[in-house]
>>> print(open('work21.txt').read())   # compact mmCIF, C-alpha atoms
# COMPACT_ATOMS: atom_id res chain seq x y z
CA SER A 54 -74.11 22.72 15.25
CA LEU A 55 -72.89 19.62 13.45
CA THR A 56 -73.12 19.49 9.66
CA PRO A 57 -75.69 16.87 8.63
CA PRO A 58 -74.18 13.86 6.84
CA ALA A 59 -74.31 13.86 3.06
CA GLY A 60 -77.06 11.92 1.38
CA LEU A 61 -78.89 11.34 -1.86
CA LEU A 62 -80.26 14.89 -1.90
CA ASP A 63 -76.69 16.17 -2.27
CA ILE A 64 -75.97 14.21 -5.46
CA ALA A 65 -77.45 16.92 -7.66
CA GLU A 66 -74.82 19.36 -6.35
CA LEU A 67 -72.00 16.96 -7.24
CA ALA A 68 -73.48 16.41 -10.68
CA GLY A 69 -73.60 20.17 -11.14
CA HIS A 70 -69.83 20.40 -10.72
CA LEU A 71 -69.35 17.85 -13.49
CA ASP A 72 -71.79 19.68 -15.73
CA GLN A 73 -69.84 22.92 -15.22
CA ALA A 74 -66.69 21.03 -16.20
CA GLY A 75 -68.23 19.98 -19.50
CA VAL A 76 -69.10 16.43 -18.43
CA PRO A 77 -72.93 16.38 -18.44
CA VAL A 78 -74.53 14.10 -15.86
CA HIS A 79 -78.26 13.48 -15.76
CA VAL A 80 -79.64 12.70 -12.31
CA GLN A 81 -82.80 10.61 -12.36
CA VAL A 82 -84.50 9.70 -9.09
CA HIS A 83 -86.85 6.74 -8.67
CA GLY A 84 -88.81 6.10 -5.52
CA GLU A 85 -88.96 8.06 -2.27
CA ARG A 86 -86.03 9.02 -0.07
CA ASP A 87 -88.20 9.28 3.05
CA GLY A 88 -87.69 6.36 5.36
CA ILE A 89 -84.22 5.41 4.12
CA PRO A 90 -81.91 4.83 7.12
CA ALA A 91 -79.23 7.52 7.46
CA ALA A 92 -76.41 4.99 7.06
CA VAL A 93 -77.90 3.67 3.80
CA ASP A 94 -78.47 7.22 2.55
CA LEU A 95 -74.82 8.10 3.22
CA SER A 96 -73.55 4.86 1.64
CA ALA A 97 -75.58 5.48 -1.52
CA TYR A 98 -74.18 9.02 -1.73
CA ARG A 99 -70.62 7.73 -1.39
CA ILE A 100 -71.12 5.12 -4.11
CA VAL A 101 -72.37 7.74 -6.56
CA GLN A 102 -69.63 10.15 -5.48
CA GLU A 103 -66.92 7.56 -6.16
CA ALA A 104 -68.44 6.81 -9.56
CA LEU A 105 -68.45 10.51 -10.48
CA THR A 106 -64.85 10.84 -9.29
CA ASN A 107 -63.81 7.96 -11.54
CA VAL A 108 -65.61 9.57 -14.49
CA LEU A 109 -63.57 12.73 -14.03
CA LYS A 110 -60.30 10.86 -13.51
CA HIS A 111 -60.64 9.34 -16.96
CA ALA A 112 -62.16 12.35 -18.71
CA GLY A 113 -59.10 14.56 -19.16
CA PRO A 114 -55.52 14.23 -20.38
CA THR A 115 -53.70 12.23 -17.73
CA THR A 116 -50.33 13.92 -18.30
CA ALA A 117 -51.65 17.38 -17.39
CA ALA A 118 -52.56 18.61 -13.91
CA VAL A 119 -53.54 21.79 -12.12
CA THR A 120 -53.07 22.98 -8.56
CA VAL A 121 -56.23 23.81 -6.62
CA PRO A 122 -56.67 25.84 -3.43
CA TRP A 123 -58.78 23.40 -1.42
CA PRO A 124 -56.54 21.90 1.27
CA ARG A 125 -56.24 18.49 2.82
CA ASN A 126 -56.38 18.71 6.60
CA GLU A 127 -53.18 17.05 7.79
CA ARG A 128 -54.52 17.08 11.36
CA SER A 129 -57.70 15.23 10.47
CA ALA A 130 -58.33 11.78 11.89
CA LEU A 131 -58.69 10.66 8.25
CA ALA A 132 -55.39 12.19 7.09
CA GLY A 133 -53.57 9.61 4.98
CA VAL A 134 -56.61 7.31 4.91
CA LYS A 135 -57.88 6.04 1.57
CA ALA A 136 -61.46 7.15 2.15
CA THR A 137 -64.27 7.61 -0.36
CA SER A 138 -65.96 10.43 1.54
CA TYR A 139 -64.03 13.27 -0.08
CA ALA A 140 -66.62 15.24 -2.01
CA GLU A 141 -63.85 17.78 -2.65
CA ASN A 142 -62.23 15.21 -4.96
CA VAL A 143 -65.16 15.62 -7.33
CA ILE A 144 -64.93 19.41 -7.14
CA ALA A 145 -61.14 19.42 -7.57
CA LEU A 146 -61.26 17.03 -10.53
CA ALA A 147 -64.03 19.05 -12.12
CA GLU A 148 -61.81 22.12 -11.85
CA ALA A 149 -58.95 20.17 -13.44
CA HIS A 150 -61.18 19.00 -16.27
CA LYS A 151 -62.31 22.57 -16.99
CA ALA A 152 -58.62 23.40 -17.50
CA GLY A 153 -58.10 20.39 -19.80
CA ALA A 154 -56.24 18.37 -17.17
CA GLY A 155 -56.77 14.97 -15.61
CA GLU A 156 -55.54 15.49 -12.05
CA ALA A 157 -55.75 18.15 -9.34
CA ILE A 158 -52.89 18.70 -6.89
CA MET A 159 -53.78 20.01 -3.45
CA PRO A 160 -51.98 21.68 -0.55
CA ASN A 161 -52.48 20.96 3.13
CA THR A 162 -53.68 23.59 5.59
CA ALA A 163 -50.08 24.85 5.99
CA GLY A 164 -49.90 25.67 2.28
CA GLU A 165 -47.49 22.82 1.60
CA LEU A 166 -47.71 20.35 -1.25
CA CYS A 167 -49.81 17.37 -0.13
CA GLU A 168 -51.12 15.08 -2.89
CA GLY A 169 -53.38 14.66 -5.89
CA THR A 170 -56.94 13.41 -5.65
CA GLY A 171 -55.72 9.87 -6.23
CA THR A 172 -51.95 10.21 -6.54
CA ASN A 173 -48.78 11.03 -4.66
CA VAL A 174 -46.60 13.78 -6.09
CA PHE A 175 -42.83 13.96 -6.63
CA ALA A 176 -41.18 17.18 -7.79
CA ALA A 177 -37.69 17.95 -9.06
CA ILE A 178 -36.69 21.16 -7.27
CA GLY A 179 -33.17 22.51 -6.94
CA GLY A 180 -31.72 19.38 -8.54
CA GLU A 181 -33.38 17.04 -6.03
CA LEU A 182 -36.40 14.75 -6.35
CA VAL A 183 -38.67 15.25 -3.34
CA THR A 184 -42.12 14.20 -2.18
CA PRO A 185 -44.13 15.34 0.85
CA SER A 186 -43.69 13.34 4.04
CA LEU A 187 -46.66 11.51 5.50
CA LEU A 188 -46.90 14.30 8.08
CA SER A 189 -48.24 16.48 5.25
CA GLY A 190 -51.45 14.43 5.34
CA CYS A 191 -50.82 12.61 2.07
CA LEU A 192 -51.75 9.00 1.46
CA ALA A 193 -49.03 6.46 2.17
CA GLY A 194 -49.09 5.20 -1.42
CA VAL A 195 -47.47 1.89 -2.32
CA THR A 196 -45.81 3.24 -5.48
CA ARG A 197 -44.62 6.32 -3.56
CA ALA A 198 -42.83 4.03 -1.10
CA LEU A 199 -41.32 1.99 -3.94
CA VAL A 200 -39.91 5.09 -5.66
CA LEU A 201 -38.35 6.23 -2.37
CA GLU A 202 -36.84 2.78 -1.95
CA GLU A 203 -35.68 2.18 -5.52
CA VAL A 204 -34.41 5.72 -6.26
CA PRO A 205 -32.02 6.36 -3.34
CA GLU A 206 -31.61 10.05 -4.17
CA ALA A 207 -35.36 10.67 -3.82
CA ASP A 208 -36.32 12.00 -0.41
CA GLU A 209 -39.15 13.41 1.67
CA ALA A 210 -39.35 17.16 2.21
CA SER A 211 -41.78 19.93 3.08
CA VAL A 212 -42.49 21.72 -0.18
CA PRO A 213 -44.60 24.88 -0.44
CA LEU A 214 -47.29 24.34 -3.06
CA ALA A 215 -46.10 27.53 -4.77
CA ALA A 216 -42.68 25.91 -5.31
CA LEU A 217 -44.19 23.66 -7.96
CA ALA A 218 -44.02 26.68 -10.26
CA GLU A 219 -40.23 26.24 -10.20
CA ALA A 220 -40.15 22.44 -10.49
CA THR A 221 -38.31 21.14 -13.54
CA GLU A 222 -40.23 17.84 -13.37
CA VAL A 223 -43.40 16.66 -11.64
CA LEU A 224 -44.22 12.96 -11.32
CA LEU A 225 -47.50 11.41 -10.20
CA THR A 226 -47.44 7.96 -8.62
CA SER A 227 -50.18 5.46 -7.81
CA THR A 228 -50.84 1.76 -8.16
CA THR A 229 -52.81 2.37 -11.37
CA ARG A 230 -50.39 4.89 -12.92
CA ASP A 231 -47.06 3.58 -11.55
CA VAL A 232 -44.84 6.59 -12.32
CA GLN A 233 -46.54 9.13 -14.57
CA PRO A 234 -44.50 12.22 -15.49
CA LEU A 235 -46.51 15.35 -16.22
CA ARG A 236 -46.30 17.14 -19.55
CA MET A 237 -48.07 20.19 -18.19
CA LEU A 238 -48.85 21.73 -14.81
CA ASP A 239 -51.04 24.83 -14.53
CA GLY A 240 -50.49 25.44 -18.24
CA ARG A 241 -46.69 25.33 -17.91
CA PRO A 242 -44.93 22.76 -20.12
CA LEU A 243 -42.89 20.04 -18.44
CA PRO A 244 -40.61 17.39 -19.99
CA GLY A 245 -42.82 14.39 -19.19
CA VAL A 246 -41.11 11.07 -19.89
CA ASP A 247 -38.09 12.91 -21.32
CA GLY A 248 -37.08 14.28 -17.90
CA PRO A 249 -33.99 12.67 -16.29
CA TRP A 250 -35.75 11.99 -12.97
CA ALA A 251 -38.74 10.55 -14.81
CA ARG A 252 -36.51 8.17 -16.75
CA ARG A 253 -34.74 7.04 -13.57
CA ALA A 254 -37.93 6.51 -11.58
CA MET A 255 -39.74 4.72 -14.41
CA ALA A 256 -36.73 2.49 -15.08
CA ALA A 257 -36.38 1.67 -11.38
CA ILE A 258 -40.02 0.62 -11.06
CA ALA A 259 -39.90 -1.34 -14.32
CA ASP A 260 -36.77 -3.15 -13.09
CA LEU A 261 -38.51 -3.92 -9.80
CA ARG A 262 -41.52 -5.36 -11.60
CA ALA A 263 -39.20 -7.52 -13.73
CA ARG A 264 -37.40 -8.82 -10.64
CA GLU A 265 -40.71 -9.70 -9.01
CA LEU A 266 -41.71 -11.74 -12.07
CA ASP A 267 -38.34 -13.48 -12.34
CA PRO A 268 -38.59 -17.02 -10.90
>>> encode(input="work21.txt", output="structure tokens")
Amino acid sequence: SLTPPAGLLDIAELAGHLDQAGVPVHVQVHGERDGIPAAVDLSAYRIVQEALTNVLKHAGPTTAAVTVPWPRNERSALAGVKATSYAENVIALAEAHKAGAGEAIMPNTAGELCEGTGTNVFAAIGGELVTPSLLSGCLAGVTRALVLEEVPEADEASVPLAALAEATEVLLTSTTRDVQPLRMLDGRPLPGVDGPWARRAMAAIADLRARELDP
């Protein structure tokens, strides 16, 4: 049987994940849910879900991340789509917050590195700077594409999630973060902005921004 679509009755469960992470959320319901069209019920759930996700994104240290076991499905019709229907983002970010981190990094169903809840991931492994290809199911992020373009040595590769334990640097990219080097991943210290790849990527994007502003 098909799983019923999420709705307002499921918000309490999402709030519970935040509460477990040390971010208390009080759910207060006014009015009756009966009679609300299913599409409106689902839309309301997604709005609240996105708000809770944003709360968690800004609740923890942004230069620390953890890996989580819940995979992105790279074969899904929504793979690589910037959708707001990922309830697992709330759960993953809650797990990150419990560990004192601000981002959760996920595998795909093949156990390969995929992406963060709202970021692309670059890792320095074996002297090379690599990021998952779009075939991994990750979002085709704008900043990800710019780093690949502006840092010629950076490349796409299939990376087992477990290989992050050997990475000498890990960089998160997004339109809101630009290039954000991690200081800690799964409790393991990383060089952050002091890493050589971090300096190159940050300088390349800063130079690009300056060129775009130059009349």
>>> closest_atom_pairs(input="work21.txt", of="region 129-204 of chain A", to="region 230-249 of chain A", cutoff="12 Å", atoms="all atoms listed in the file", output="tab-separated table")
residue	atom	partner	partner_atom	distance
A:Glu148	CA	A:Asp239	CA	11.4
A:Ala149	CA	A:Asp239	CA	9.2
A:His150	CA	A:Asp239	CA	11.8
A:Lys151	CA	A:Asp239	CA	11.8
A:Ala152	CA	A:Asp239	CA	8.3
A:Gly153	CA	A:Gly240	CA	9.3
A:Ala154	CA	A:Met237	CA	8.4
A:Gly155	CA	A:Leu235	CA	10.3
A:Glu156	CA	A:Leu238	CA	9.6
A:Ala157	CA	A:Leu238	CA	9.5
A:Ile158	CA	A:Leu238	CA	9.4
A:Gly171	CA	A:Arg230	CA	9.9
A:Thr172	CA	A:Arg230	CA	8.5
A:Asn173	CA	A:Val232	CA	9.7
A:Val174	CA	A:Gln233	CA	9.7
A:Phe175	CA	A:Pro234	CA	9.2
A:Ala176	CA	A:Pro234	CA	9.7
A:Ala177	CA	A:Gly248	CA	9.6
A:Gly180	CA	A:Pro249	CA	10.5
A:Glu181	CA	A:Pro249	CA	11.2
A:Leu182	CA	A:Pro249	CA	10.4
A:Gly194	CA	A:Asp231	CA	10.5
A:Val195	CA	A:Asp231	CA	9.4
A:Thr196	CA	A:Asp231	CA	6.2
A:Arg197	CA	A:Val232	CA	8.8
A:Ala198	CA	A:Asp231	CA	11.3
A:Leu199	CA	A:Asp231	CA	9.7
A:Val200	CA	A:Val232	CA	8.4
A:Leu201	CA	A:Val232	CA	11.9
>>> atom_distance(input="work21.txt", atom1="CA of Ala254 (chain A)", atom2="CA of Leu225 (chain A)")
10.8 Å
>>> atom_distance(input="work21.txt", atom1="CA of Thr229 (chain A)", atom2="CA of Ala193 (chain A)")
14.6 Å
>>> closest_residue(input="work21.txt", among="A:Val121, A:Ala68, A:Ile258, A:Asn161", to="Thr228 (chain A)", atoms="only C-alpha atoms")
A:Ile258
>>> atom_distance(input="work21.txt", atom1="CA of Thr116 (chain A)", atom2="CA of Ser227 (chain A)")
13.5 Å
>>> closest_residue(input="work21.txt", among="A:Ala207, A:Val212, A:Ala163, A:Ala263", to="Pro185 (chain A)", atoms="all atoms listed in the file")
A:Val212
>>> closest_residue(input="work21.txt", among="A:Leu166, A:Ala65, A:Val93, A:Val204", to="Ala218 (chain A)", atoms="only C-alpha atoms")
A:Leu166
>>> axis_aligned_box(input="work21.txt", around="region 190-200 of chain A", padding_each_side="5 Å", output="lines of an AutoDock Vina configuration file")
center_x = -45.8
center_y = 8.2
center_z = -0.2
size_x = 21.8
size_y = 22.5
size_z = 21.0
